[in-house]
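S.K.: Structure provided below as structure tokens; questions to follow.
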There are 4 protein chains.
Amino acid sequence: MIKVGIVGGTGYTGVELLRLLAHHPEVTLEVITSRSEVGMKVSDLFPNLRGYVDIAFSEPDENRLKGCDVVFFATPNGIAMKMARSLLDAGVRVIDLAADFRIKDVALWQQWYGMEHAAPELVAEAVYGLPEINRSQIAKARLVANPGCYPTAVTLGFLPLLESGYADSERLIADAKSGVSGAGRGASVGTLYSEVDGSFKAYAVAGHRHLPEIRQTLGLITPNVESVGLTFVPHLTPMVRGIHATLYAEVSDDLVDLQRLYKERYLNEPFVDILPVGSHPETRTVRGSNHCRIAMHRPQRGRTVVILSVIDNLVKGAAGQAVQNMNIMFGFAERTAIDMVPLLP
Amino acid sequence: MIKVGIVGGTGYTGVELLRLLAHHPEVTLEVITSRSEVGMKVSDLFPNLRGYVDIAFSEPDENRLKGCDVVFFATPNGIAMKMARSLLDAGVRVIDLAADFRIKDVALWQQWYGMEHAAPELVAEAVYGLPEINRSQIAKARLVANPGCYPTAVTLGFLPLLESGYADSERLIADAKSGVSGAGRGASVGTLYSEVDGSFKAYAVAGHRHLPEIRQTLGLITPNVESVGLTFVPHLTPMVRGIHATLYAEVSDDLVDLQRLYKERYLNEPFVDILPVGSHPETRTVRGSNHCRIAMHRPQRGRTVVILSVIDNLVKGAAGQAVQNMNIMFGFAERTAIDMVPLLP
Amino acid sequence: MIKVGIVGGTGYTGVELLRLLAHHPEVTLEVITSRSEVGMKVSDLFPNLRGYVDIAFSEPDENRLKGCDVVFFATPNGIAMKMARSLLDAGVRVIDLAADFRIKDVALWQQWYGMEHAAPELVAEAVYGLPEINRSQIAKARLVANPGCYPTAVTLGFLPLLESGYADSERLIADAKSGVSGAGRGASVGTLYSEVDGSFKAYAVAGHRHLPEIRQTLGLITPNVESVGLTFVPHLTPMVRGIHATLYAEVSDDLVDLQRLYKERYLNEPFVDILPVGSHPETRTVRGSNHCRIAMHRPQRGRTVVILSVIDNLVKGAAGQAVQNMNIMFGFAERTAIDMVPLLP
Amino acid sequence: MIKVGIVGGTGYTGVELLRLLAHHPEVTLEVITSRSEVGMKVSDLFPNLRGYVDIAFSEPDENRLKGCDVVFFATPNGIAMKMARSLLDAGVRVIDLAADFRIKDVALWQQWYGMEHAAPELVAEAVYGLPEINRSQIAKARLVANPGCYPTAVTLGFLPLLESGYADSERLIADAKSGVSGAGRGASVGTLYSEVDGSFKAYAVAGHRHLPEIRQTLGLITPNVESVGLTFVPHLTPMVRGIHATLYAEVSDDLVDLQRLYKERYLNEPFVDILPVGSHPETRTVRGSNHCRIAMHRPQRGRTVVILSVIDNLVKGAAGQAVQNMNIMFGFAERTAIDMVPLLP
């Protein structure tokens, strides 16, 4: 049994972490902090947890957190970077679900996130928590940067194509659609029900913070390139959970068997599912689960391939992947507590 | 380990049964039948089951079903009554998720369901599978009539009030709202997305088949009455899962503590949750789970009390309750495989 | 041509007023005020108005408003009561879409709305703007209190039954379901898409501000009673527009023809539509329109009748009724600018 | 006043045509046919039309249709091609909302639509009814092929870029998202509420029938090319109305002012609205209206431009464009009956 702390548990990644950890046989939830809700029972805020989580929100108290084996940050950007150092020094392992440690180039991070980095010296140490590329480093990591939701769906979709060198890495397009829960639980006009329901839109076409994150990872996995050329357009979809990434790449003629390339790459991955030829994954087939389902198409035998990749943004795109990382870090079976059947319909 | 068969698994209660049974440690799924999808892998029809259910649909073959310990009927009305006799004779226990064995008065059943009953002699034997009133009979039952979704939400909501004799049993009103999955997975214009989304309506106000079922149970639990006076109005709500029953009853002055009445009645019930005074249960707080959450109000201290009762129609209102009944029938821990945290958001 | 001003146009009733007035041939939009959005073009905030409304939000300037023939208040409660006096003195007619002048009993109003009334002397003068009961007074009114959305749907549904004396006015139940736009466009967690979608709940069961408003009107139209006994339970439905009121009343045996009673009462009403016997009105059949559709049922020939009444909360429940009132006040054809076909699907 | 007939009015384009024509001052609705609903009042099937459309469905009777000035086909593919010849011979003008006359290459049409063409000799005569490119031919046309919904959104989005020769016509990508009403009102499992709600998916990636239609038009408007290279991926979005096309093209360095290019091209178009620089059009801003709103982006000043184009699939993508074409054909003001403010929220 390990002791777990959560900093900032009032958002959707917070409640999702709690849902998953509530059934984890190796975990005791020690502390969950929230400045705004001190003293409130977690299950009063999130009644789905009644009978499963009995703890109340408390002040972010460093000493209590230091008594944990691992601390998750389910906070806005800019919080984990201020608290990570002292926790790590106390021997606590840290998994940040926000973006503080995702981008290796600190100057680039500061430019996209609009603040100074409080712990640049930890950035190099942090391991990017995508098990499908970094499993062994995650196992040894003290500090894990849990990937963003879009980066998870997009990277897993492009991965076999770029690693293998078949794609023109200068001409990548990621057209991604997200459910509204990705925008968080903060009060804002833009994510009101009456603003979002029955409507569809793109946003941040000029540049979204997940662009440099995706570009960094794709650059690292593609042989012989410094950087990739990627156009990334996120969209808001009238649904709560789910990301659907539609990916476009131009491939060379010698790519013969797309299906086999992907099947082999993900053969041993517990949470990546390559669908049969000709499939169209639906986001609901991963709802509430840690799976990523992928299908590949090459319309009219042309040079452009279309990759379809779906995840639940709150699970594989956030809390589930965080638990997967924790499982790897502590040597638990990787599927523990995240091996549930998706909810359909 | 018991062997389980499912007859008719292509609907929503079927896929939900499979989701739950996939994680049941005491169960092997032996056979699942469907005339229309013979040979198709279950997980091709319902890709959420990929990796969890490996079986294919087969012809309804009585011999294979007779090799099971228990058979669930997730069929339209009128199927179970034709097959139950021979299965029971073979020592198989039967749980019918349809309505064939719910109404004790066969003539009344025939009137509401518009067909002749094929096994009237089994009706008396069948146990109405609402554990909160019939747990000990369910344990011994060969044949369980799993309650309807509306009857579950309405009956659990009225139960303490009627059992205790505080309510005027002549003036009960149940205004119930259901998600669309309750209408099933059959192709029909009325439940198309574009017909249902963004709109709300009542239906079957003149008389819904769940009315006699509710009335029968309420009559049985109310002391000193032959029958109750109930107005039941179902509504279709633009959401997939969930039933919200708003119940109205006039109570006598000597009812002092509504909250206590309900808390005590359901004290030992694993799946009935009485919310704190003043609460308003949301259907999402039971999504994907077997819970029923109930809150009671007495506006302006008047004689009319308002009971709010929510369930997931596919779980506590169908497949989850069926598994709960199976657990009771076979002596498994009652929460096994249905003790999951609801999915929120 | 009359000059129209709107105070507070950044909410949903504001944009809806603009949608309707944009096509009104007798109206010039003179001024629209908003403290928070001064200088912003209305069509930048609401791009559906591009090409139809060219004006920008301005400071609430009393002198400009005094140059109007009529001023609509599409503000929160408590604003109109402070500005109405001076506008009326300047000869401007006022239509308040908020609640400031709806309740005749000022003490009662203060109790439910939690503030002191700034213009109690105007309350008596104000005409309750439900044309179906007050058309002739509206025509002469200087100050119209536009009814609430729930009160409109509920009152029109009960009206013929209570006026005629057939119903037991001590035992009325109104179970009402509203789309989310009724909660307004203010940022709040409770009306976020991810909080509301796929879920259903009751709220304010202990007492909603529309309760005294409904009770007042029902009391006035019912012969020989001081007040009526009404239980009112509002619910939040996952859809943007629409109210569906399900009304329950006990009727006397001498009520023979429910259908005829309603048909005759509303024979000459341009916006009340009595559906054929046995109908179930859907909210989408009034989407974007000023209609109220009503159907009546008497299940199993019992003493309880069920009335189903639907409106679009933003049109007949707010902006459309306000324009209807304006048309009556200024002698325009009553249907002008609000005679559009509902949007279905 | 002209006499109008509609063949096949029981689908969504049918009810939408009726909604628009109901307010058209130059039109009398003479006949509406439906084999399946003969004798049923249109307003019984679509209660939103109560009080606006008083006609009933009748048998498809050629003689009655020949008495019309114009006949709309709101039918499945393959009907209009059988009836058009005799109507045209009788002097009736025909607007086909299905696909029978859209593709000039009859063999190609037969390949994509899987049937033999019944009137290949009419294909050449038919005018593709996109007013923004064919207004003058439409004015003179006897037979108009109303464009598909996707083709309308995609073509209007690419048009200025391709006409001007700035884009690489070999590398076009159209990632399009549609509301569910585009799939029609036929009963089918795939478009049930419970299958679609809360989920997002691509479909027909291997090849959608709108691909050759788009390719044909883009080929015609692009100087110096025989055909264009286009990857087209349609997606199903959980909403009723709306198409959002996200278009990607590589442009040459000498394209200096994207905004100006589009503004100038559409300067005189009544239904194409170029949004301010940096905008993201939402489908709800065109709901119920005939507008197409477009915004252009060039992320990070790269060679890839992103065009965002939204329409209401039932209006500009079907019935509204058909009425626009009729207005042009008969010399009515082009905006007549389709100049309504979109419904928001």
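Labels for the structure tokens follow display order: chains A, B, ..., residues from 1 in each chain, ligands from 1.
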Which chain A residues have any atom within 7 Å of an atom of chain B, and for each, what is the nearest pair of atoms with distance in Å to one decimal, counting only C-alpha atoms, rows sorted by chain and number, as JSON lines?
M.R.:
{"residue": "A:Arg19", "atom": "CA", "partner": "B:Val341", "partner_atom": "CA", "distance": 6.0}
{"residue": "A:Pro47", "atom": "CA", "partner": "B:Thr285", "partner_atom": "CA", "distance": 5.9}
{"residue": "A:Asn48", "atom": "CA", "partner": "B:Thr285", "partner_atom": "CA", "distance": 4.4}
{"residue": "A:Leu49", "atom": "CA", "partner": "B:Val341", "partner_atom": "CA", "distance": 6.4}
{"residue": "A:Thr285", "atom": "CA", "partner": "B:Asn48", "partner_atom": "CA", "distance": 4.4}
{"residue": "A:Val286", "atom": "CA", "partner": "B:Asn48", "partner_atom": "CA", "distance": 6.4}
{"residue": "A:Gly288", "atom": "CA", "partner": "B:Leu343", "partner_atom": "CA", "distance": 7.0}
{"residue": "A:Val341", "atom": "CA", "partner": "B:Arg19", "partner_atom": "CA", "distance": 6.0}
{"residue": "A:Pro342", "atom": "CA", "partner": "B:Asn48", "partner_atom": "CA", "distance": 5.3}
{"residue": "A:Leu343", "atom": "CA", "partner": "B:Gly288", "partner_atom": "CA", "distance": 7.0}
{"residue": "A:Leu344", "atom": "CA", "partner": "B:Asn48", "partner_atom": "CA", "distance": 6.6}
S.K.: Excluding His297 of chain C and its own-chain neighbours fewer than 3 positions away, which residues fall within 8 Å of it when counting only C-alpha atoms? Please give them as a ChimeraX atom specification.
M.R.: /B:205-206 /C:277-278,305-307
S.K.: List every residue of segment 122-287 of chain A that DSSP, applied to the backbone of this structure, places in alpha helix (DSSP H), and write the result as JSON, numbers by chain.
M.R.: {"A": [122, 123, 131, 132, 133, 134, 135, 136, 137, 138, 139, 140, 149, 150, 151, 152, 153, 154, 155, 156, 157, 158, 159, 160, 161, 162, 163, 193, 194, 195, 196, 210, 211, 212, 213, 214, 215, 216, 217, 218, 219, 220, 221, 258, 259, 260, 261, 262, 263, 264, 265]}
S.K.: Would you mind telling me which residue in B:Ser36, B:Thr152, B:Asn325, B:Ser43 lies nearest to Thr217 of chain B when using only C-alpha atoms?
M.R.: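 Selected residue with least distance to Thr217 of chain B: B:Thr152.
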S.K.: Give me every strand (DSSP E or B) residue in segment 14-252 of chain C, going by DSSP on the backbone, as a ChimeraX atom specification.
M.R.: /C:27-33,41,56,58,70-73,93-96,127-128,143-145,167,172-178,192,201-202,230-236,243-251
S.K.: Can I get the selection written as a PDB file, in the first residue's frame, with C-alpha atoms?
M.R.:
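And here is the file that came out, part-v4.pdb:
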ATOM      1  CA  VAL C  27     -39.556  49.525 -34.932  1.00  0.00           C
ATOM      2  CA  THR C  28     -36.235  51.318 -34.922  1.00  0.00           C
ATOM      3  CA  LEU C  29     -33.681  50.080 -32.437  1.00  0.00           C
ATOM      4  CA  GLU C  30     -32.458  53.319 -30.902  1.00  0.00           C
ATOM      5  CA  VAL C  31     -30.224  52.227 -28.067  1.00  0.00           C
ATOM      6  CA  ILE C  32     -29.064  49.122 -26.295  1.00  0.00           C
ATOM      7  CA  THR C  33     -27.148  49.475 -23.069  1.00  0.00           C
ATOM      8  CA  LYS C  41     -20.831  45.923 -31.481  1.00  0.00           C
ATOM      9  CA  ALA C  56     -23.114  48.918 -30.405  1.00  0.00           C
ATOM     10  CA  SER C  58     -23.673  51.937 -24.861  1.00  0.00           C
ATOM     11  CA  VAL C  70     -40.701  52.103 -25.282  1.00  0.00           C
ATOM     12  CA  VAL C  71     -37.869  50.641 -23.240  1.00  0.00           C
ATOM     13  CA  PHE C  72     -37.423  46.939 -22.565  1.00  0.00           C
ATOM     14  CA  PHE C  73     -35.553  45.867 -19.453  1.00  0.00           C
ATOM     15  CA  ARG C  93     -43.611  53.071 -21.876  1.00  0.00           C
ATOM     16  CA  VAL C  94     -41.767  50.335 -20.075  1.00  0.00           C
ATOM     17  CA  ILE C  95     -41.762  46.543 -20.428  1.00  0.00           C
ATOM     18  CA  ASP C  96     -39.816  44.780 -17.710  1.00  0.00           C
ATOM     19  CA  VAL C 127     -50.066  45.341 -15.734  1.00  0.00           C
ATOM     20  CA  TYR C 128     -49.142  41.670 -15.703  1.00  0.00           C
ATOM     21  CA  LEU C 143     -45.760  49.747 -17.405  1.00  0.00           C
ATOM     22  CA  VAL C 144     -45.941  46.046 -18.220  1.00  0.00           C
ATOM     23  CA  ALA C 145     -44.547  43.293 -16.023  1.00  0.00           C
ATOM     24  CA  ALA C 167     -60.623  21.867 -10.592  1.00  0.00           C
ATOM     25  CA  LEU C 172     -52.629  21.654  -7.903  1.00  0.00           C
ATOM     26  CA  ILE C 173     -49.294  20.250  -8.903  1.00  0.00           C
ATOM     27  CA  ALA C 174     -46.997  21.750 -11.517  1.00  0.00           C
ATOM     28  CA  ASP C 175     -44.031  19.605 -12.446  1.00  0.00           C
ATOM     29  CA  ALA C 176     -42.056  21.811 -14.821  1.00  0.00           C
ATOM     30  CA  LYS C 177     -38.961  21.094 -16.885  1.00  0.00           C
ATOM     31  CA  SER C 178     -36.820  23.834 -18.362  1.00  0.00           C
ATOM     32  CA  LEU C 192     -21.456  24.516 -17.527  1.00  0.00           C
ATOM     33  CA  LYS C 201     -32.343  17.122 -11.836  1.00  0.00           C
ATOM     34  CA  ALA C 202     -34.945  19.004  -9.873  1.00  0.00           C
ATOM     35  CA  LEU C 230     -49.968  24.673  -5.523  1.00  0.00           C
ATOM     36  CA  THR C 231     -46.911  22.457  -5.382  1.00  0.00           C
ATOM     37  CA  PHE C 232     -44.385  23.632  -7.961  1.00  0.00           C
ATOM     38  CA  VAL C 233     -41.254  21.658  -8.784  1.00  0.00           C
ATOM     39  CA  PRO C 234     -38.891  22.991 -11.457  1.00  0.00           C
ATOM     40  CA  HIS C 235     -36.337  20.743 -13.167  1.00  0.00           C
ATOM     41  CA  LEU C 236     -33.283  21.370 -15.319  1.00  0.00           C
ATOM     42  CA  ILE C 243     -40.284  24.521 -21.021  1.00  0.00           C
ATOM     43  CA  HIS C 244     -42.552  21.543 -20.583  1.00  0.00           C
ATOM     44  CA  ALA C 245     -45.068  21.857 -17.765  1.00  0.00           C
ATOM     45  CA  THR C 246     -46.855  18.711 -16.651  1.00  0.00           C
ATOM     46  CA  LEU C 247     -49.834  19.807 -14.602  1.00  0.00           C
ATOM     47  CA  TYR C 248     -52.003  17.704 -12.318  1.00  0.00           C
ATOM     48  CA  ALA C 249     -55.418  18.620 -11.001  1.00  0.00           C
ATOM     49  CA  GLU C 250     -58.383  16.800  -9.561  1.00  0.00           C
ATOM     50  CA  VAL C 251     -61.577  17.628 -11.363  1.00  0.00           C
TER      51      VAL C 251
END
S.K.: Measure the distance from atom CA of Asp100 of chain D to atom CA of Gly129 of chain D in Å and round it to one decimal.
M.R.: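 Pair atom CA of Asp100 of chain D / atom CA of Gly129 of chain D returns 12.7 Å.
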S.K.: Can you list, as a PyMOL selection string, every protein, DNA or RNA residue that comes within 6 Å of Ala74 of chain A when you count only C-alpha atoms, leaving out same-chain residues fewer than 3 positions away?
M.R.: chain A and resi 7-8+14+97
S.K.: Got a sec: who's within 9 Å of Met81 of chain D, counting only C-alpha atoms, leaving out chain neighbours fewer than 3 positions off, as a ChimeraX atom specification?
M.R.: /D:77-78,84-85,96,100-101,117-120,122
S.K.: Please provide the set of residues having any atom within 9 Å of Arg215 of chain C, restricted to only C-alpha atoms, with same-chain residues fewer than 5 positions apart removed, written as a VMD selection string.
M.R.: chain C and resid 151 210 220 227 to 230
S.K.: Any idea what's packed within 9 Å of Glu116 of chain B, counting only C-alpha atoms, ignoring anything in its chain fewer than 3 positions away? Could you give it as a PDB file with C-alpha atoms, in the first residue's frame?
M.R.:
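part_9.pdb was written with the following content:
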ATOM      1  CA  GLY B  78     -42.812 -12.536 -24.965  1.00  0.00           C
ATOM      2  CA  VAL B 106     -52.254 -12.907 -15.987  1.00  0.00           C
ATOM      3  CA  ALA B 107     -55.377 -11.404 -17.506  1.00  0.00           C
ATOM      4  CA  TRP B 109     -50.778  -8.744 -18.159  1.00  0.00           C
ATOM      5  CA  GLN B 110     -52.387  -9.947 -21.347  1.00  0.00           C
ATOM      6  CA  GLN B 111     -54.432  -6.799 -21.576  1.00  0.00           C
ATOM      7  CA  TYR B 113     -49.008  -6.492 -23.310  1.00  0.00           C
TER       8      TYR B 113
END
S.K.: Given only C-alpha atoms as the basis, pick out the residue of A:Tyr203, A:Ser169, A:Thr155, A:Gly9 nearest to His280 of chain D.
M.R.: A:Tyr203
S.K.: What's the 9 Å shell around Ser86 of chain A, counting only C-alpha atoms, without same-chain residues fewer than 5 positions away, as a PyMOL selection string?
M.R.: chain A and resi 62+66+91-92
S.K.: I need the chosen residues saved as a compact mmCIF listing (two decimals), in the first residue's frame, with N, CA and C atoms.
M.R.:
# COMPACT_ATOMS: atom_id res chain seq x y z
N GLU A 62 2.26 21.36 3.17
CA GLU A 62 3.42 20.67 2.62
C GLU A 62 3.82 19.47 3.48
N LYS A 66 4.30 15.71 2.26
CA LYS A 66 5.61 15.04 2.35
C LYS A 66 5.50 13.65 2.95
N GLY A 91 11.66 12.97 -0.84
CA GLY A 91 11.52 11.58 -1.28
C GLY A 91 10.18 11.23 -1.86
N VAL A 92 9.34 12.24 -2.06
CA VAL A 92 8.02 11.99 -2.64
C VAL A 92 8.14 12.01 -4.16
S.K.: Between A:Val315, A:Gln259, A:Met326, A:Ala337, single out the one closest to Arg142 of chain A, counting only C-alpha atoms.
M.R.: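 Of the candidates, the smallest distance to Arg142 of chain A is held by A:Met326.
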S.K.: For Ala295 of chain C, which residue out of C:Pro25, C:Gly331, C:Gly157, C:Gly11 is the nearest one, using only C-alpha atoms?
M.R.: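 Residue with the minimum atom-to-atom distance to Ala295 of chain C: C:Gly157.
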S.K.: If I take atom CA of Ala98 of chain A and atom CA of Ser199 of chain C, how far is one from the other in Å, to one decimal?
M.R.: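 Computing the Euclidean distance for atom CA of Ala98 of chain A and atom CA of Ser199 of chain C yields 28.0 Å.
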